[in-house]
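A.B. asks: Sharing a structure below in structure tokens format, with a few things to ask.
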Amino acid sequence: MIEPSATPSVPQASATRIARLGCVICDPAVSFGAIVGIGAKERAVELAADLSVACVLTPEQQATAIQRFVAEPVDVVIVKPLESDVVAVALQNAAEAGISIVLVDGRVGGIEPDCSVSFDNVRGAELAVAFLVDQLPATGTIVHLHGPKTSLNAFDRSYGFHSVVDHRSSIRVVEASSDWTRCAGASAMRELLNLDPSIDGVFANSDALALGAVDAIAEAGLTGEIVVTGFDGLPDALLEITRGTIAATVRQMPEAMGRLAIDVALRIHAGEEVPPVVQVDFGLVTKSNVAQASVELLPIFPRILRDLIQGDSALADERALLRTLIDHLPDLIYVKDADSRFLLVNEAAAAHLGAPTPDHAIGGTDFDFFPDEYATKYGADEERLLESGRPLINHEELTPAGIGDLRWLSTTKVPTRNESGLITGLVGMSRDITKSKATEAERARLVEEHEALRRLATLVMASAPSERIFAAVAEEVASLLGGRRIVIIRYGADETFTVVGASGSLAARKSSQEAFPALSPSLASAGALMSESRATWSS
């Protein structure tokens, strides 16, 4: 499972004149750059920093936005660079004007920034490619779909790709370059499939390129036959992982990068020393952990939707993407407000609640779907979370499902916050672990039985008296059956029986009632003794 990445610890800036910060990001709807911007805006509000954000779509627009910040001027400019060659001149002008530079997830040739906030692109690529190779037969063909050669991120990811495949002579590599868009990725992959349909796998240097490859593969009728891995961990790529069309993606932490960039910028402005590079964590997302990765993105979605600069149709598209993503997950996904009312549930959660459709759950609380004893416990957990802001991680709980049976769930709940940092509700994910819990219980039972047999065998091999062995048998069986009372009797040929062993309080009582003649008044005493036992072993 992927753990939420905390923003690396950076000391707060010294008291000084309020810094004017400029941030230039590429923001095509729900993109890596958009989420970087969300993190930066959040952190700026928390620290009362003066931040202006310019959202652009092309390298030329990015260069123009940097020049505008030079003219204003700002104290620090934060840039998620698109293309090295295009933005280099503008960043050089910023440096010459005395403006500090913080680069996020990228490098620019000829520019030495005051600090780079990034993560290890080489190691991330190695992780994804190693996973890809493991999914393929011993020999095969892999397409390396990378971005323009002017992108240094593309070079790093390509280096990581080759550091894995170049040592495997059985793998044939086909190189393909295109722009960073989904459309360009589809065009490049379409052309490759026309030339050579016997492709086994694709490693794309970005999720956009991977999604384009998936489109071209579907057009060719080869969905499920070619293993595709991407890079970035964007929501639409996570959706394709749930569908099985993308096998994995490297998830960066764009929100953490944006927040950290603000911290670094303020430290630079305050005259404090900062390291030349500050890195955030990353992880590989596959079908086994895509639910957790999706849950961690859910709190960001409302802010992305609010910040979109496109029209209503774009908002509808992004809402549809979110809905489709969570409804494809087998885990229970839900969003609640500060009063623990359901704002959103997926299909799996609705089924567990016993609601006919997800919409029927909206506005309700746990008290509308669970017995009071369970709802009260869930409410107490959520009250503590909302008051403290501390998430509930992998909490195991027993809960009644809508169909009436009890299920074991592993539940994670994290708070949601508004742009001012105030907690507004929570996002939850629950995974059904009933089968695994049953397996664990069975394994524990077998171990317990084995230990019981070992202890009894030890007594036998030590030539212990028979009464001690029978007493031990009764005690072990009682323990295995959950504390039930056990009595062991021996039937005689003369219509009598003898109590030879008993557990618990029966052991003391049977000592005064060793033998009972059949069909005699004593038999009533034996019957009374045996009636107290809920299980009887005979020998």
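Each chain in the structure tokens gets a letter, A, B, ..., in the order shown, and its residues are numbered from 1; ligands are numbered from 1 in order too.
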Taking the DSSP secondary structure from the backbone, can you list the residues of range 213-410 of chain A that are alpha helix (DSSP H), as an NGL selection string?

C.D. replies: :A and (213-219 or 235-243 or 254-269 or 290-297 or 301-307 or 312-327 or 347-353 or 358-361 or 372-388)

A.B. asks: I'd like the neighbourhood of range 271-288 of chain A as a list in words, where a residue qualifies if any of its atoms comes within 6 Å (using only C-alpha atoms), though same-chain residues fewer than 6 positions away should be ignored.

C.D. replies: Cys115, Ser116, Val117, Ser118, Phe119, Ile241, Ala248, Thr249, Val250, Arg251 and Gln252 of chain A

A.B. asks: Work out how far CA of Ala204 in chain A is from CA of Ala128 in chain A, in Å to one decimal.

C.D. replies: 9.7 Å

A.B. asks: List the spatial neighbours of Glu126 in chain A as a list in words - criterion: any atom at most 10 Å away, only C-alpha atoms, same-chain residues fewer than 2 positions off excluded.

C.D. replies: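 The residues that qualify are Asn121, Val122, Arg123, Gly124, Ala128, Val129, Ala130, Phe131, Leu132, Arg157, Ser158, Tyr159, Gly160, Phe161, His162, Ser163, Val164, Val165 and Val250 of chain A.
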
A.B. asks: To one decimal place in Å, what is the distance between CA of Pro371 in chain A and CA of Leu409 in chain A?

C.D. replies: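 According to the coordinates, CA of Pro371 in chain A and CA of Leu409 in chain A are separated by 16.4 Å.
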